[in-house]
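Participant: Here you go, one structure.
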Amino acid sequence: MSTKFKSAEGYDADLTRNCETALVVLLQAFGSLKDTLRLVGGLVPRYLTPERPPEVPAHVGTTDVDIVLNVSVLATKGTYDKLRRQLKDNGFVPYESEQGKVSSWQWIYELNGQPVLIEFLQNTDDPGQSGKLSTVDGEGVSAVQFLHAGVAHEWFNECEIIVELPGGDGVVTEIVRFADVVAFMVLKAVAFHQRHEHKDVADLIHVMRYWGPLDDLAGLYSQRLQHGPHEDVLKEVLLLLEKHFCDDGVVEGWRKDGPSKFANFHQVGRPGDDDFIREQREVSAMVEYFIGQVRALCV
């Protein structure tokens with residue numbers, strides 16, 4: 001059900017706010033274990049690059065909530081058998097496809113007449129396992145394995161969000177733990193390479209443009225690359241960015257799928273128009289500059 005529209009027109013602020021409310025209800029459902037959850041995916045830019053006009057425009061938003069579970073922590077707490085009950089008690093129901101197949105890793109929270117999709121993910125470092133289900137307990141709760149999702153457990157930020165709970169239950173403040181800028185880049189670059197979705201590249205470029213000065217981003221990335229525990233992952237992501245955004249001696253970077261799908265997502269003119277090509281070139285140049293700075297700092 002996870003709808004990823006091909007243009008920004010498919011997203012709206014109301015659904016994004018509903019996703020935020022569903023996230024808070026989910027955190028409360030996990031009780032003392034909520035600090036083990038990590039938010040990834042399209043809701044993250046709401047907190048990673050908060051709107052600050054005119055310098056930072058609002059992010060387009062999202063249609064779902066992606067959560068990375070720390071399976072080892074949950075296992076040691078002995079809580080697997082409680083997950084399904086906790087979810088159902090707090091208003092979440094398993095997603096059922098049009099063909100009647102009930103999901104164990106996708107859950108629905110109905111809010112203001114709109115279904116919000118919650119997806120549970122867990123880490124794998126094996127490309128052959130990415131996309132496969134892994135059972136969390138014996139009661140039908142699962143998580144999809146996603147390549148390098150575990151970086152969000154180590155590299156994350158926190159912020160307080162305030163939402164009004166449904167059903168007149170009042171206003172609450174919760175702390176959200178979400179992938180930091182480097183973790184977000186890793187997961188979005190991998191997602192775009194695997195799924196080729198317009199929304200993935202749009203999220204990636206939005207964060208690279210508006211998180212802060214590009215030189216600062218390159219500095220943080222290079223620091224992690226030289227001194228962090230995920231050197232191979234960060235090198236892999238640089239290669240993915242090159243593959244989808246940069247000149248390779250055969251195809252000019254601006255003509256590749258990364259810049260092109262970004263311009264298409266935001267409907268910057270029509271393909272082939274001056275505005276469209278200008279946007280393609282700007283996106284390609286930004287990514288190429290970032291990669292060059294990272295590598296220069298690592299010499």
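Residue numbering restarts at 1 in every chain; chains get A, B, ... in the order shown in the structure tokens, and ligands count up from 1 in that same order.
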Write out as a PyMOL selection string each polymer residue whose atoms come within 7 Å of stretch 185-194 of chain A, counting only C-alpha atoms; drop sequence neighbours fewer than 2 positions from it.

Facilitator: chain A and resi 149+181-183+196-197+200-201+204+237+240-241

Participant: With N, CA and C atoms retained, write the just-selected residues as an mmCIF file, in the first residue's frame.

Facilitator:
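Output below, filename selection06.cif:
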```
data_model
loop_
_atom_site.group_PDB
_atom_site.id
_atom_site.type_symbol
_atom_site.label_atom_id
_atom_site.label_comp_id
_atom_site.auth_asym_id
_atom_site.auth_seq_id
_atom_site.Cartn_x
_atom_site.Cartn_y
_atom_site.Cartn_z
ATOM 1 N N ALA A 149 19.884 -0.477 7.406
ATOM 2 C CA ALA A 149 18.943 0.288 8.237
ATOM 3 C C ALA A 149 19.477 0.522 9.643
ATOM 4 N N VAL A 181 21.511 13.266 9.414
ATOM 5 C CA VAL A 181 21.654 13.588 8.001
ATOM 6 C C VAL A 181 22.470 12.544 7.252
ATOM 7 N N VAL A 182 23.525 12.022 7.866
ATOM 8 C CA VAL A 182 24.340 11.022 7.171
ATOM 9 C C VAL A 182 23.577 9.706 7.060
ATOM 10 N N ALA A 183 22.936 9.274 8.140
ATOM 11 C CA ALA A 183 22.140 8.047 8.085
ATOM 12 C C ALA A 183 21.021 8.174 7.059
ATOM 13 N N HIS A 196 14.231 2.975 -7.457
ATOM 14 C CA HIS A 196 14.163 3.950 -8.564
ATOM 15 C C HIS A 196 12.942 4.861 -8.450
ATOM 16 N N GLU A 197 12.525 5.173 -7.226
ATOM 17 C CA GLU A 197 11.337 6.001 -7.007
ATOM 18 C C GLU A 197 11.685 7.493 -7.047
ATOM 19 N N ASP A 200 12.113 9.045 -3.480
ATOM 20 C CA ASP A 200 13.368 8.802 -2.767
ATOM 21 C C ASP A 200 14.425 9.826 -3.154
ATOM 22 N N VAL A 201 14.560 10.105 -4.442
ATOM 23 C CA VAL A 201 15.565 11.076 -4.862
ATOM 24 C C VAL A 201 15.158 12.481 -4.452
ATOM 25 N N LEU A 204 16.157 12.830 -0.794
ATOM 26 C CA LEU A 204 17.605 12.897 -0.680
ATOM 27 C C LEU A 204 18.127 14.286 -1.039
ATOM 28 N N VAL A 237 27.884 4.259 -0.647
ATOM 29 C CA VAL A 237 26.922 5.316 -0.952
ATOM 30 C C VAL A 237 27.527 6.345 -1.907
ATOM 31 N N LEU A 240 27.188 4.949 -5.251
ATOM 32 C CA LEU A 240 25.800 5.009 -5.721
ATOM 33 C C LEU A 240 25.447 6.419 -6.198
ATOM 34 N N LEU A 241 25.890 7.428 -5.444
ATOM 35 C CA LEU A 241 25.636 8.805 -5.860
ATOM 36 C C LEU A 241 26.304 9.089 -7.204
#
```

Participant: Can you pull out the residues contacting A:His148? Cut-off 8 Å, using only C-alpha atoms, and skip same-chain residues under 3 positions away; I want them as a list in words.

Facilitator: Asn123, Thr124, Asp125, Val151, Val186, Leu187 and Val233 of chain A

Participant: Could you save those same residues with C-alpha atoms as a compact mmCIF listing (two decimals), in the first residue's frame?

Facilitator:
```
# COMPACT_ATOMS: atom_id res chain seq x y z
CA ASN A 123 18.73 -4.03 9.62
CA THR A 124 20.55 -6.35 7.28
CA ASP A 125 24.01 -5.94 5.80
CA VAL A 151 22.90 3.01 10.87
CA VAL A 186 22.71 6.36 3.33
CA LEU A 187 19.17 4.97 3.49
CA VAL A 233 28.78 1.57 3.75
```

Participant: Name the closest residue to A:His244 among the candidates A:His230, A:Arg85, A:Lys4, A:Lys261; distances are taken between atoms, counting only C-alpha atoms.

Facilitator: A:Lys261

Participant: Mind pulling up the distance from atom CA of A:Gln106 to atom CA of A:Val176?

Facilitator: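 So the answer is 20.0 Å.
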
Participant: Enumerate the residues of stretch 109-240 of chain A with a DSSP assignment of alpha helix (DSSP H), computed from the backbone, and present them as a PyMOL selection string.

Facilitator: chain A and resi 151-154+181-195+198-210+214-227+231-240

Participant: Assign secondary structure with DSSP using the backbone only, and return the residues of stretch 26-137 of chain A in strand (DSSP E) as a PDB file with N, CA and C atoms, in the first residue's frame.

Facilitator:
```pdb
ATOM      1  N   ARG A  38      13.515   3.939  15.735  1.00  0.00           N
ATOM      2  CA  ARG A  38      14.153   4.981  14.930  1.00  0.00           C
ATOM      3  C   ARG A  38      13.276   5.284  13.723  1.00  0.00           C
ATOM      4  N   LEU A  39      12.956   6.546  13.574  1.00  0.00           N
ATOM      5  CA  LEU A  39      12.178   6.995  12.426  1.00  0.00           C
ATOM      6  C   LEU A  39      13.098   7.183  11.232  1.00  0.00           C
ATOM      7  N   VAL A  40      12.726   6.602  10.106  1.00  0.00           N
ATOM      8  CA  VAL A  40      13.438   6.809   8.848  1.00  0.00           C
ATOM      9  C   VAL A  40      12.389   7.154   7.788  1.00  0.00           C
ATOM     10  N   ASP A  64       3.389   7.802   4.716  1.00  0.00           N
ATOM     11  CA  ASP A  64       3.550   6.670   5.626  1.00  0.00           C
ATOM     12  C   ASP A  64       4.600   6.973   6.687  1.00  0.00           C
ATOM     13  N   VAL A  65       4.731   6.057   7.622  1.00  0.00           N
ATOM     14  CA  VAL A  65       5.692   6.177   8.716  1.00  0.00           C
ATOM     15  C   VAL A  65       6.567   4.930   8.704  1.00  0.00           C
ATOM     16  N   ASP A  66       7.867   5.121   8.512  1.00  0.00           N
ATOM     17  CA  ASP A  66       8.812   4.002   8.460  1.00  0.00           C
ATOM     18  C   ASP A  66       9.609   3.950   9.757  1.00  0.00           C
ATOM     19  N   ILE A  67       9.583   2.805  10.415  1.00  0.00           N
ATOM     20  CA  ILE A  67      10.221   2.637  11.721  1.00  0.00           C
ATOM     21  C   ILE A  67      11.205   1.475  11.678  1.00  0.00           C
ATOM     22  N   VAL A  68      12.438   1.729  12.127  1.00  0.00           N
ATOM     23  CA  VAL A  68      13.423   0.661  12.257  1.00  0.00           C
ATOM     24  C   VAL A  68      13.362   0.129  13.688  1.00  0.00           C
ATOM     25  N   PHE A  92      -4.082   0.250  16.045  1.00  0.00           N
ATOM     26  CA  PHE A  92      -3.437  -0.168  14.805  1.00  0.00           C
ATOM     27  C   PHE A  92      -3.989  -1.527  14.374  1.00  0.00           C
ATOM     28  N   VAL A  93      -4.207  -1.684  13.077  1.00  0.00           N
ATOM     29  CA  VAL A  93      -4.691  -2.955  12.543  1.00  0.00           C
ATOM     30  C   VAL A  93      -3.766  -3.385  11.405  1.00  0.00           C
ATOM     31  N   PRO A  94      -3.573  -4.693  11.229  1.00  0.00           N
ATOM     32  CA  PRO A  94      -2.721  -5.155  10.129  1.00  0.00           C
ATOM     33  C   PRO A  94      -3.288  -4.702   8.783  1.00  0.00           C
ATOM     34  N   TYR A  95      -2.410  -4.283   7.901  1.00  0.00           N
ATOM     35  CA  TYR A  95      -2.843  -3.890   6.561  1.00  0.00           C
ATOM     36  C   TYR A  95      -3.286  -5.117   5.776  1.00  0.00           C
ATOM     37  N   GLU A  96      -4.427  -4.991   5.097  1.00  0.00           N
ATOM     38  CA  GLU A  96      -4.948  -6.069   4.273  1.00  0.00           C
ATOM     39  C   GLU A  96      -5.022  -5.603   2.829  1.00  0.00           C
ATOM     40  N   VAL A 102      -3.183 -10.495   4.479  1.00  0.00           N
ATOM     41  CA  VAL A 102      -2.937  -9.686   5.667  1.00  0.00           C
ATOM     42  C   VAL A 102      -1.438  -9.580   5.911  1.00  0.00           C
ATOM     43  N   SER A 103      -0.966  -8.351   6.062  1.00  0.00           N
ATOM     44  CA  SER A 103       0.462  -8.111   6.264  1.00  0.00           C
ATOM     45  C   SER A 103       0.820  -8.225   7.739  1.00  0.00           C
ATOM     46  N   SER A 104       2.035  -8.650   8.002  1.00  0.00           N
ATOM     47  CA  SER A 104       2.517  -8.700   9.382  1.00  0.00           C
ATOM     48  C   SER A 104       3.533  -7.599   9.666  1.00  0.00           C
ATOM     49  N   TRP A 105       3.952  -6.847   8.624  1.00  0.00           N
ATOM     50  CA  TRP A 105       4.938  -5.779   8.833  1.00  0.00           C
ATOM     51  C   TRP A 105       4.386  -4.400   8.492  1.00  0.00           C
ATOM     52  N   GLN A 106       3.200  -4.370   7.906  1.00  0.00           N
ATOM     53  CA  GLN A 106       2.535  -3.104   7.592  1.00  0.00           C
ATOM     54  C   GLN A 106       1.255  -3.010   8.414  1.00  0.00           C
ATOM     55  N   TRP A 107       1.086  -1.860   9.070  1.00  0.00           N
ATOM     56  CA  TRP A 107      -0.071  -1.650   9.928  1.00  0.00           C
ATOM     57  C   TRP A 107      -0.746  -0.334   9.555  1.00  0.00           C
ATOM     58  N   ILE A 108      -2.051  -0.274   9.804  1.00  0.00           N
ATOM     59  CA  ILE A 108      -2.838   0.911   9.456  1.00  0.00           C
ATOM     60  C   ILE A 108      -3.351   1.588  10.725  1.00  0.00           C
ATOM     61  N   TYR A 109      -3.245   2.921  10.731  1.00  0.00           N
ATOM     62  CA  TYR A 109      -3.862   3.716  11.792  1.00  0.00           C
ATOM     63  C   TYR A 109      -4.799   4.707  11.114  1.00  0.00           C
ATOM     64  N   GLU A 110      -6.082   4.588  11.391  1.00  0.00           N
ATOM     65  CA  GLU A 110      -7.092   5.444  10.752  1.00  0.00           C
ATOM     66  C   GLU A 110      -7.205   6.758  11.521  1.00  0.00           C
ATOM     67  N   LEU A 111      -7.099   7.866  10.794  1.00  0.00           N
ATOM     68  CA  LEU A 111      -7.141   9.172  11.436  1.00  0.00           C
ATOM     69  C   LEU A 111      -7.763  10.183  10.490  1.00  0.00           C
ATOM     70  N   GLN A 114      -8.511   9.156   7.038  1.00  0.00           N
ATOM     71  CA  GLN A 114      -7.403   8.763   6.176  1.00  0.00           C
ATOM     72  C   GLN A 114      -6.612   7.638   6.831  1.00  0.00           C
ATOM     73  N   PRO A 115      -6.268   6.597   6.069  1.00  0.00           N
ATOM     74  CA  PRO A 115      -5.425   5.539   6.621  1.00  0.00           C
ATOM     75  C   PRO A 115      -3.957   5.943   6.570  1.00  0.00           C
ATOM     76  N   VAL A 116      -3.283   5.862   7.700  1.00  0.00           N
ATOM     77  CA  VAL A 116      -1.837   6.107   7.760  1.00  0.00           C
ATOM     78  C   VAL A 116      -1.147   4.756   7.837  1.00  0.00           C
ATOM     79  N   LEU A 117      -0.194   4.542   6.953  1.00  0.00           N
ATOM     80  CA  LEU A 117       0.514   3.270   6.898  1.00  0.00           C
ATOM     81  C   LEU A 117       1.771   3.327   7.757  1.00  0.00           C
ATOM     82  N   ILE A 118       1.934   2.329   8.628  1.00  0.00           N
ATOM     83  CA  ILE A 118       3.145   2.158   9.432  1.00  0.00           C
ATOM     84  C   ILE A 118       3.886   0.947   8.894  1.00  0.00           C
ATOM     85  N   GLU A 119       5.185   1.102   8.636  1.00  0.00           N
ATOM     86  CA  GLU A 119       5.983  -0.023   8.150  1.00  0.00           C
ATOM     87  C   GLU A 119       7.152  -0.266   9.095  1.00  0.00           C
ATOM     88  N   PHE A 120       7.333  -1.528   9.494  1.00  0.00           N
ATOM     89  CA  PHE A 120       8.424  -1.910  10.382  1.00  0.00           C
ATOM     90  C   PHE A 120       9.578  -2.482   9.549  1.00  0.00           C
ATOM     91  N   LEU A 121      10.774  -1.970   9.812  1.00  0.00           N
ATOM     92  CA  LEU A 121      11.988  -2.402   9.125  1.00  0.00           C
ATOM     93  C   LEU A 121      13.000  -2.893  10.151  1.00  0.00           C
ATOM     94  N   GLN A 122      13.955  -3.678   9.692  1.00  0.00           N
ATOM     95  CA  GLN A 122      15.084  -4.045  10.544  1.00  0.00           C
ATOM     96  C   GLN A 122      16.334  -4.139   9.682  1.00  0.00           C
ATOM     97  N   ASN A 123      17.453  -4.097  10.337  1.00  0.00           N
ATOM     98  CA  ASN A 123      18.728  -4.034   9.624  1.00  0.00           C
ATOM     99  C   ASN A 123      19.123  -5.369   9.004  1.00  0.00           C
ATOM    100  N   THR A 124      19.757  -5.264   7.828  1.00  0.00           N
ATOM    101  CA  THR A 124      20.554  -6.346   7.283  1.00  0.00           C
ATOM    102  C   THR A 124      21.733  -5.721   6.550  1.00  0.00           C
ATOM    103  N   LEU A 133      11.167 -10.684   4.599  1.00  0.00           N
ATOM    104  CA  LEU A 133      10.558 -10.574   5.916  1.00  0.00           C
ATOM    105  C   LEU A 133      11.367 -11.320   6.959  1.00  0.00           C
ATOM    106  N   SER A 134      11.364 -10.761   8.161  1.00  0.00           N
ATOM    107  CA  SER A 134      11.965 -11.430   9.312  1.00  0.00           C
ATOM    108  C   SER A 134      10.959 -11.391  10.444  1.00  0.00           C
ATOM    109  N   THR A 135      10.582 -12.537  10.963  1.00  0.00           N
ATOM    110  CA  THR A 135       9.557 -12.598  12.002  1.00  0.00           C
ATOM    111  C   THR A 135      10.083 -12.040  13.308  1.00  0.00           C
TER     112      THR A 135
END
```

Participant: Select, from A:Lys243, A:Arg17, A:His153, A:Arg255, the residue with the minimum atom-to-atom distance to A:Thr36, counting only C-alpha atoms.

Facilitator: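 The shortest atom-to-atom distance to A:Thr36 comes from A:His153.
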
Participant: Could you jot down the atom CA of A:Gly253 to atom CA of A:Pro50 separation for me, Å, one decimal place?

Facilitator: 29.1 Å

Participant: Suppose you want the space between atom CA of A:Gln28 and atom CA of A:Ile175; what is it in Å?

Facilitator: 10.5 Å
